[in-house]
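Coordinates as given in start23.cif (mmCIF, C-alpha atoms):
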data_data
#
loop_
_atom_site.group_PDB
_atom_site.id
_atom_site.type_symbol
_atom_site.label_atom_id
_atom_site.label_comp_id
_atom_site.auth_asym_id
_atom_site.auth_seq_id
_atom_site.Cartn_x
_atom_site.Cartn_y
_atom_site.Cartn_z
ATOM 1 C CA MET A 27 144.610 186.070 229.953
ATOM 2 C CA GLN A 28 146.736 184.637 227.159
ATOM 3 C CA ASN A 29 148.863 187.802 226.743
ATOM 4 C CA ASP A 30 149.141 188.696 230.412
ATOM 5 C CA LYS A 31 151.011 185.790 231.964
ATOM 6 C CA LEU A 32 153.144 186.723 234.973
ATOM 7 C CA ILE A 33 155.917 185.111 237.005
ATOM 8 C CA VAL A 34 156.610 186.668 240.412
ATOM 9 C CA ILE A 35 159.946 185.714 241.969
ATOM 10 C CA ILE A 36 160.472 186.431 245.676
ATOM 11 C CA LEU A 37 164.077 186.323 246.889
ATOM 12 C CA ASP A 38 163.424 185.924 250.588
ATOM 13 C CA GLY A 39 165.606 188.201 252.735
ATOM 14 C CA CYS A 40 167.231 190.126 249.864
ATOM 15 C CA ARG A 41 168.162 193.734 250.669
ATOM 16 C CA TYR A 42 167.850 196.460 248.047
ATOM 17 C CA ASP A 43 171.470 197.612 248.258
ATOM 18 C CA THR A 44 172.811 194.066 247.959
ATOM 19 C CA ALA A 45 170.650 193.385 244.910
ATOM 20 C CA ALA A 46 171.829 196.650 243.361
ATOM 21 C CA SER A 47 175.475 195.639 243.840
ATOM 22 C CA GLN A 48 175.400 191.858 243.340
ATOM 23 C CA CYS A 49 172.654 191.135 240.789
ATOM 24 C CA GLY A 50 174.662 191.731 237.632
ATOM 25 C CA PHE A 51 172.284 189.814 235.381
ATOM 26 C CA LEU A 52 169.122 191.537 236.585
ATOM 27 C CA ASN A 53 170.797 194.945 236.486
ATOM 28 C CA HIS A 54 172.189 194.304 233.005
ATOM 29 C CA TYR A 55 168.662 194.011 231.638
ATOM 30 C CA VAL A 56 167.747 197.275 233.358
ATOM 31 C CA GLU A 57 170.853 199.055 232.063
ATOM 32 C CA HIS A 58 169.903 198.131 228.505
ATOM 33 C CA GLY A 59 166.273 199.185 228.776
ATOM 34 C CA GLN A 60 164.837 195.683 228.997
ATOM 35 C CA GLY A 61 163.395 196.221 232.459
ATOM 36 C CA VAL A 62 163.112 198.661 235.340
ATOM 37 C CA ARG A 63 164.262 198.624 238.966
ATOM 38 C CA TYR A 64 162.487 200.237 241.891
ATOM 39 C CA LYS A 65 163.082 200.438 245.611
ATOM 40 C CA VAL A 66 160.270 199.047 247.784
ATOM 41 C CA ARG A 67 159.595 199.798 251.436
ATOM 42 C CA ALA A 68 158.327 196.608 253.060
ATOM 43 C CA GLU A 69 155.469 196.558 255.523
ATOM 44 C CA MET A 70 155.981 195.774 259.207
ATOM 45 C CA PRO A 71 156.491 193.494 260.954
ATOM 46 C CA SER A 72 159.210 192.767 258.417
ATOM 47 C CA ASN A 73 158.923 188.995 258.758
ATOM 48 C CA SER A 74 158.227 186.382 256.134
ATOM 49 C CA ARG A 75 154.780 184.922 256.703
ATOM 50 C CA PRO A 76 153.106 188.300 257.355
ATOM 51 C CA LEU A 77 154.727 189.729 254.232
ATOM 52 C CA TYR A 78 153.847 186.738 252.048
ATOM 53 C CA GLU A 79 150.245 187.616 252.863
ATOM 54 C CA VAL A 80 150.842 191.296 252.092
ATOM 55 C CA LEU A 81 152.445 190.467 248.742
ATOM 56 C CA MET A 82 149.656 188.122 247.689
ATOM 57 C CA THR A 83 146.662 190.125 248.972
ATOM 58 C CA GLY A 84 147.681 193.782 249.358
ATOM 59 C CA VAL A 85 146.096 193.813 252.826
ATOM 60 C CA PRO A 86 148.161 195.136 255.786
ATOM 61 C CA THR A 87 148.867 192.913 258.750
ATOM 62 C CA TYR A 88 146.547 194.624 261.194
ATOM 63 C CA LYS A 89 143.673 193.733 258.851
ATOM 64 C CA ASN A 90 144.719 190.324 257.546
ATOM 65 C CA GLY A 91 145.535 188.841 260.965
ATOM 66 C CA ILE A 92 148.828 187.133 259.992
ATOM 67 C CA PHE A 93 150.921 188.788 262.706
ATOM 68 C CA THR A 94 153.962 186.498 263.084
ATOM 69 C CA ASN A 95 155.713 183.591 261.431
ATOM 70 C CA ALA A 96 153.988 181.294 263.952
ATOM 71 C CA TYR A 97 150.509 181.913 262.500
ATOM 72 C CA ALA A 98 150.105 178.583 260.674
ATOM 73 C CA GLN A 99 146.646 179.315 259.333
ATOM 74 C CA SER A 100 144.920 179.867 256.023
ATOM 75 C CA SER A 101 144.422 183.354 254.636
ATOM 76 C CA ASN A 102 140.986 184.930 254.957
ATOM 77 C CA GLU A 103 141.665 187.547 252.282
ATOM 78 C CA VAL A 104 141.162 187.599 248.530
ATOM 79 C CA SER A 105 144.540 186.696 247.062
ATOM 80 C CA LEU A 106 146.009 186.972 243.603
ATOM 81 C CA PHE A 107 145.447 183.229 243.266
ATOM 82 C CA ASP A 108 141.725 183.791 243.876
ATOM 83 C CA LEU A 109 141.563 186.651 241.392
ATOM 84 C CA VAL A 110 143.360 184.746 238.641
ATOM 85 C CA LYS A 111 141.090 181.722 239.033
ATOM 86 C CA ALA A 112 137.982 183.922 239.100
ATOM 87 C CA ASN A 113 139.090 185.371 235.755
ATOM 88 C CA GLY A 114 139.491 181.947 234.178
ATOM 89 C CA GLY A 115 143.241 181.675 234.633
ATOM 90 C CA THR A 116 145.480 179.050 236.198
ATOM 91 C CA THR A 117 147.936 179.368 239.085
ATOM 92 C CA GLY A 118 151.209 177.746 240.093
ATOM 93 C CA ALA A 119 153.824 178.003 242.838
ATOM 94 C CA ALA A 120 157.258 176.617 243.583
ATOM 95 C CA ALA A 121 157.615 177.913 247.105
ATOM 96 C CA TYR A 122 158.182 177.450 250.822
ATOM 97 C CA TYR A 123 155.448 175.478 252.552
ATOM 98 C CA TRP A 124 154.013 178.549 254.291
ATOM 99 C CA TYR A 125 152.476 179.484 250.935
ATOM 100 C CA SER A 126 150.712 176.143 250.869
ATOM 101 C CA GLU A 127 149.388 176.783 254.374
ATOM 102 C CA LEU A 128 148.208 180.277 253.513
ATOM 103 C CA TYR A 129 146.443 179.492 250.254
ATOM 104 C CA ASN A 130 145.737 175.761 250.013
ATOM 105 C CA GLN A 131 145.630 173.886 253.325
ATOM 106 C CA ALA A 132 146.968 174.237 256.873
ATOM 107 C CA PRO A 133 148.806 172.686 258.564
ATOM 108 C CA TYR A 134 151.273 171.477 255.956
ATOM 109 C CA ASP A 135 151.982 167.750 255.812
ATOM 110 C CA VAL A 136 155.062 166.954 253.732
ATOM 111 C CA LYS A 137 153.755 163.468 252.900
ATOM 112 C CA ARG A 138 150.534 164.929 251.540
ATOM 113 C CA ASP A 139 151.376 168.455 250.418
ATOM 114 C CA ARG A 140 154.867 168.394 248.913
ATOM 115 C CA ILE A 141 153.505 168.164 245.354
ATOM 116 C CA GLN A 142 149.983 169.409 244.663
ATOM 117 C CA LEU A 143 148.468 169.158 241.215
ATOM 118 C CA ASP A 144 144.901 169.887 242.281
ATOM 119 C CA THR A 145 143.066 172.098 239.816
ATOM 120 C CA GLU A 146 140.495 172.907 242.526
ATOM 121 C CA GLY A 147 142.991 174.585 244.888
ATOM 122 C CA LYS A 148 143.835 178.291 244.950
ATOM 123 C CA ILE A 149 147.346 177.235 243.954
ATOM 124 C CA GLN A 150 146.493 174.670 241.321
ATOM 125 C CA TYR A 151 149.979 173.451 240.428
ATOM 126 C CA GLY A 152 152.385 173.513 243.366
ATOM 127 C CA ILE A 153 155.726 172.105 244.462
ATOM 128 C CA PHE A 154 156.476 173.069 248.059
ATOM 129 C CA TYR A 155 159.594 172.597 250.196
ATOM 130 C CA SER A 156 159.872 172.704 253.986
ATOM 131 C CA GLU A 157 163.590 173.099 254.707
ATOM 132 C CA ASP A 158 165.284 176.512 254.558
ATOM 133 C CA THR A 159 168.374 174.863 253.063
ATOM 134 C CA TYR A 160 166.454 173.513 250.048
ATOM 135 C CA PRO A 161 168.807 174.552 247.224
ATOM 136 C CA ASP A 162 167.769 177.475 245.079
ATOM 137 C CA SER A 163 169.012 175.477 242.090
ATOM 138 C CA HIS A 164 166.341 172.854 242.834
ATOM 139 C CA LEU A 165 163.703 175.507 243.500
ATOM 140 C CA PHE A 166 164.181 177.191 240.122
ATOM 141 C CA ALA A 167 164.157 173.795 238.420
ATOM 142 C CA ASP A 168 160.852 173.027 240.180
ATOM 143 C CA ALA A 169 159.410 176.303 238.905
ATOM 144 C CA HIS A 170 160.634 175.635 235.380
ATOM 145 C CA TYR A 171 158.984 172.207 235.425
ATOM 146 C CA LEU A 172 155.622 173.721 236.388
ATOM 147 C CA ILE A 173 155.946 176.405 233.725
ATOM 148 C CA GLU A 174 156.893 173.887 231.047
ATOM 149 C CA GLN A 175 154.206 171.361 231.947
ATOM 150 C CA TYR A 176 151.244 173.547 232.914
ATOM 151 C CA SER A 177 151.922 177.106 231.628
ATOM 152 C CA PRO A 178 150.095 178.769 234.535
ATOM 153 C CA ASP A 179 148.885 182.309 233.984
ATOM 154 C CA PHE A 180 150.279 183.328 237.390
ATOM 155 C CA GLN A 181 153.382 181.529 238.667
ATOM 156 C CA LEU A 182 154.989 182.253 242.041
ATOM 157 C CA VAL A 183 158.652 181.346 242.604
ATOM 158 C CA HIS A 184 159.892 181.710 246.171
ATOM 159 C CA SER A 185 163.582 181.241 247.059
ATOM 160 C CA MET A 186 164.790 180.802 250.662
ATOM 161 C CA ASN A 187 168.597 180.468 250.505
ATOM 162 C CA ILE A 188 169.419 184.191 250.832
ATOM 163 C CA ASP A 189 167.381 184.479 254.024
ATOM 164 C CA ASP A 190 168.867 181.274 255.437
ATOM 165 C CA ILE A 191 172.434 182.428 254.793
ATOM 166 C CA GLY A 192 171.686 185.901 256.153
ATOM 167 C CA HIS A 193 170.505 184.489 259.467
ATOM 168 C CA LYS A 194 173.562 182.269 259.751
ATOM 169 C CA TYR A 195 176.250 184.737 258.675
ATOM 170 C CA THR A 196 174.576 188.234 258.692
ATOM 171 C CA ALA A 197 174.053 190.611 255.767
ATOM 172 C CA SER A 198 177.605 191.933 256.211
ATOM 173 C CA SER A 199 179.143 188.566 255.358
ATOM 174 C CA LYS A 200 180.687 187.348 252.146
ATOM 175 C CA GLU A 201 178.353 184.357 252.400
ATOM 176 C CA TYR A 202 175.286 186.620 252.151
ATOM 177 C CA GLN A 203 176.765 188.497 249.194
ATOM 178 C CA TRP A 204 177.469 185.161 247.539
ATOM 179 C CA ALA A 205 173.907 183.907 248.109
ATOM 180 C CA VAL A 206 172.438 186.966 246.368
ATOM 181 C CA ASN A 207 174.975 186.717 243.571
ATOM 182 C CA ARG A 208 174.191 183.012 243.177
ATOM 183 C CA ALA A 209 170.436 183.639 242.913
ATOM 184 C CA ASP A 210 171.126 186.227 240.217
ATOM 185 C CA GLY A 211 173.183 183.661 238.310
ATOM 186 C CA LEU A 212 170.340 181.149 238.474
ATOM 187 C CA LEU A 213 167.932 183.771 237.190
ATOM 188 C CA GLY A 214 170.317 184.246 234.294
ATOM 189 C CA GLU A 215 169.673 180.618 233.371
ATOM 190 C CA TYR A 216 165.878 180.759 233.500
ATOM 191 C CA LEU A 217 164.579 184.313 233.094
ATOM 192 C CA PRO A 218 165.484 184.651 229.376
ATOM 193 C CA ILE A 219 163.637 181.387 228.667
ATOM 194 C CA TRP A 220 160.553 182.548 230.555
ATOM 195 C CA LEU A 221 160.562 185.902 228.785
ATOM 196 C CA GLU A 222 160.857 184.110 225.444
ATOM 197 C CA LYS A 223 157.762 182.104 226.366
ATOM 198 C CA GLY A 224 155.848 185.367 226.636
ATOM 199 C CA TYR A 225 155.817 185.754 230.414
ATOM 200 C CA GLN A 226 156.238 189.044 232.195
ATOM 201 C CA VAL A 227 158.649 188.597 235.109
ATOM 202 C CA VAL A 228 158.857 190.450 238.425
ATOM 203 C CA VAL A 229 161.646 189.924 240.972
ATOM 204 C CA THR A 230 161.280 191.281 244.501
ATOM 205 C CA ALA A 231 161.759 190.322 248.169
ATOM 206 C CA ASP A 232 159.623 190.116 251.267
ATOM 207 C CA HIS A 233 162.117 191.816 253.611
ATOM 208 C CA GLY A 234 165.811 192.528 254.005
ATOM 209 C CA MET A 235 168.463 191.566 256.548
ATOM 210 C CA ASP A 236 170.752 193.475 258.956
ATOM 211 C CA GLU A 237 174.346 193.161 260.132
ATOM 212 C CA PHE A 238 173.214 191.004 263.053
ATOM 213 C CA GLY A 239 171.437 188.470 260.845
ATOM 214 C CA LEU A 240 168.025 189.796 261.847
ATOM 215 C CA HIS A 241 164.903 191.352 260.349
ATOM 216 C CA GLY A 242 161.415 192.003 261.651
ATOM 217 C CA GLY A 243 161.857 195.600 262.761
ATOM 218 C CA SER A 244 161.837 199.054 261.212
ATOM 219 C CA LEU A 245 165.446 199.473 260.087
ATOM 220 C CA THR A 246 166.190 200.433 256.503
ATOM 221 C CA ALA A 247 168.104 197.163 256.211
ATOM 222 C CA HIS A 248 164.926 195.313 257.213
ATOM 223 C CA ARG A 249 162.521 197.175 254.954
ATOM 224 C CA GLU A 250 164.193 198.320 251.728
ATOM 225 C CA VAL A 251 163.986 195.599 249.072
ATOM 226 C CA PRO A 252 164.318 195.493 245.285
ATOM 227 C CA LEU A 253 161.611 195.382 242.644
ATOM 228 C CA TYR A 254 162.649 194.420 239.115
ATOM 229 C CA ILE A 255 159.977 194.439 236.411
ATOM 230 C CA TYR A 256 160.462 192.942 232.942
ATOM 231 C CA SER A 257 157.281 193.789 231.051
ATOM 232 C CA ASP A 258 156.247 195.877 228.070
ATOM 233 C CA LYS A 259 153.567 197.376 230.304
ATOM 234 C CA LEU A 260 156.115 199.162 232.503
ATOM 235 C CA LYS A 261 159.218 200.719 230.994
ATOM 236 C CA LYS A 262 159.484 204.006 232.890
ATOM 237 C CA GLU A 263 161.377 204.296 236.148
ATOM 238 C CA GLN A 264 160.564 206.644 238.987
ATOM 239 C CA SER A 265 162.626 207.809 241.926
ATOM 240 C CA GLU A 266 159.968 207.453 244.627
ATOM 241 C CA ILE A 267 160.062 204.474 246.972
ATOM 242 C CA VAL A 268 157.183 202.092 246.252
ATOM 243 C CA PRO A 269 155.065 200.980 249.249
ATOM 244 C CA GLN A 270 154.900 197.198 249.424
ATOM 245 C CA LEU A 271 151.102 197.357 249.707
ATOM 246 C CA GLU A 272 151.085 198.479 246.068
ATOM 247 C CA LEU A 273 152.673 195.287 244.761
ATOM 248 C CA ALA A 274 149.629 192.983 244.828
ATOM 249 C CA PRO A 275 147.515 195.469 242.808
ATOM 250 C CA LEU A 276 150.519 196.013 240.521
ATOM 251 C CA PHE A 277 150.628 192.268 239.879
ATOM 252 C CA ALA A 278 146.886 192.345 239.133
ATOM 253 C CA TYR A 279 147.519 195.163 236.643
ATOM 254 C CA LEU A 280 150.234 193.153 234.897
ATOM 255 C CA LEU A 281 147.899 190.143 234.804
ATOM 256 C CA GLY A 282 145.217 192.271 233.163
ATOM 257 C CA ILE A 283 142.648 191.633 235.896
ATOM 258 C CA ALA A 284 140.797 193.883 238.307
ATOM 259 C CA PRO A 285 142.255 194.137 241.828
ATOM 260 C CA SER A 286 140.305 193.144 244.908
ATOM 261 C CA THR A 287 138.340 195.802 246.760
ATOM 262 C CA GLU A 288 140.998 195.807 249.511
ATOM 263 C CA MET A 289 143.873 196.650 247.159
ATOM 264 C CA ILE A 290 145.049 200.232 246.706
ATOM 265 C CA GLU A 291 145.872 201.806 243.364
ATOM 266 C CA PRO A 292 149.557 201.363 242.520
ATOM 267 C CA SER A 293 151.242 204.717 241.964
ATOM 268 C CA ILE A 294 153.589 203.496 239.238
ATOM 269 C CA VAL A 295 150.726 202.676 236.870
ATOM 270 C CA LYS A 296 148.613 205.803 237.433
ATOM 271 C CA GLY A 297 147.847 207.628 234.224
ATOM 272 C CA ARG A 298 148.757 204.729 231.948
#
Using structure tokens, write down the structure from this file.
Amino acid sequence: MQNDKLIVIILDGCRYDTAASQCGFLNHYVEHGQGVRYKVRAEMPSNSRPLYEVLMTGVPTYKNGIFTNAYAQSSNEVSLFDLVKANGGTTGAAAYYWYSELYNQAPYDVKRDRIQLDTEGKIQYGIFYSEDTYPDSHLFADAHYLIEQYSPDFQLVHSMNIDDIGHKYTASSKEYQWAVNRADGLLGEYLPIWLEKGYQVVVTADHGMDEFGLHGGSLTAHREVPLYIYSDKLKKEQSEIVPQLELAPLFAYLLGIAPSTEMIEPSIVKGR
């Protein structure tokens, strides 16, 4: 897996239209042919914990059993972390503690689970936070530390500030616009370094946010999220909206490993 390393960045609560207007750094790379941008339609319910499971396993909620944010239980599905380890690779995550509960151990105990450097876990190298206000600047620094120290083949980076601000001020607020813009600026500090190290980088979101500071339903504002891909394996854009269920198998494709039997074939790599 030496030439197929992948970093997946999830900007929790980031709408597609806001990313298209506020993410100048990410869009600059696309404008100059260094990456591609797609629109993704998120699964329902458009809430975080159910969609973390969708993004990591490619299995819809009615099958995977993670129905609400209150389901503090471990995943029963084959995840990308499982697949990478089974193929001899290593995994890392700088993420909200729900990822630790889903793929390492539930319930989360901050005294025990904040930093996990256990090569036996599904997430082998992890730094997890448990407060929605944990600064994105710290989160990206955590991720960079794991990448520098352990060079995982698959690294998850999960940011919570956009979602937190959206709930407090709504997606129509200047505060929400600022949060997205700020995340883009932080990516401008780290993404070029990670690309130089030979990583492919994907930036997406679990769900969006509406003008009432809500998500979870079927509105376009809840379900349309961005997908940026910076990889030599994918340079051609398409106009069709990508179903979110296709992202986990897409990540497997970028990692150069076979998807699980539950994953569907991603349309944007057909015929390659």
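Atom pair CA of Val251 (chain A) / CA of Lys148 (chain A): separated by 26.9 Å.
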From the options A:His58, A:Ala45, A:Val136, A:Phe238, which residue's atoms come nearest to Glu157 (chain A), counting all atoms listed in the file?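 Going through A:His58, A:Ala45, A:Val136, A:Phe238 one by one, the smallest distance to Glu157 (chain A) is for A:Val136.
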Given the PyMOL selection byres ((chain A and resi 133) around 9), the residues it picks as a ChimeraX atom specification: /A:98-100,124,126-127,131-132,134-135
Where does the PyMOL selection byres ((chain A and resi 225) around 8) land in this file, that is, which residues does it pick, as JSON, numbers by chain? {"A": [30, 31, 32, 33, 220, 221, 222, 223, 224, 226, 227]}
Among listed residues A:Tyr122, A:Tyr129, A:Phe93, A:Tyr176, nearest Glu69 (chain A) (using all atoms listed in the file): A:Phe93
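Residue neighbourhood of Ser105 (chain A), excluding near-sequence residues (fewer than 2 positions): A:Met82, A:Thr83, A:Glu103, A:Phe107, A:Asp108, A:Leu109, at 7 Å, using only C-alpha atoms.
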For region 60-63 of chain A, work out the shell of residues within 8 Å, counting only C-alpha atoms and skipping chain neighbours fewer than 2 positions away, then give it as JSON, numbers by chain. {"A": [53, 55, 56, 57, 58, 65, 252, 253, 254, 255, 256, 257, 260, 261, 262, 263]}
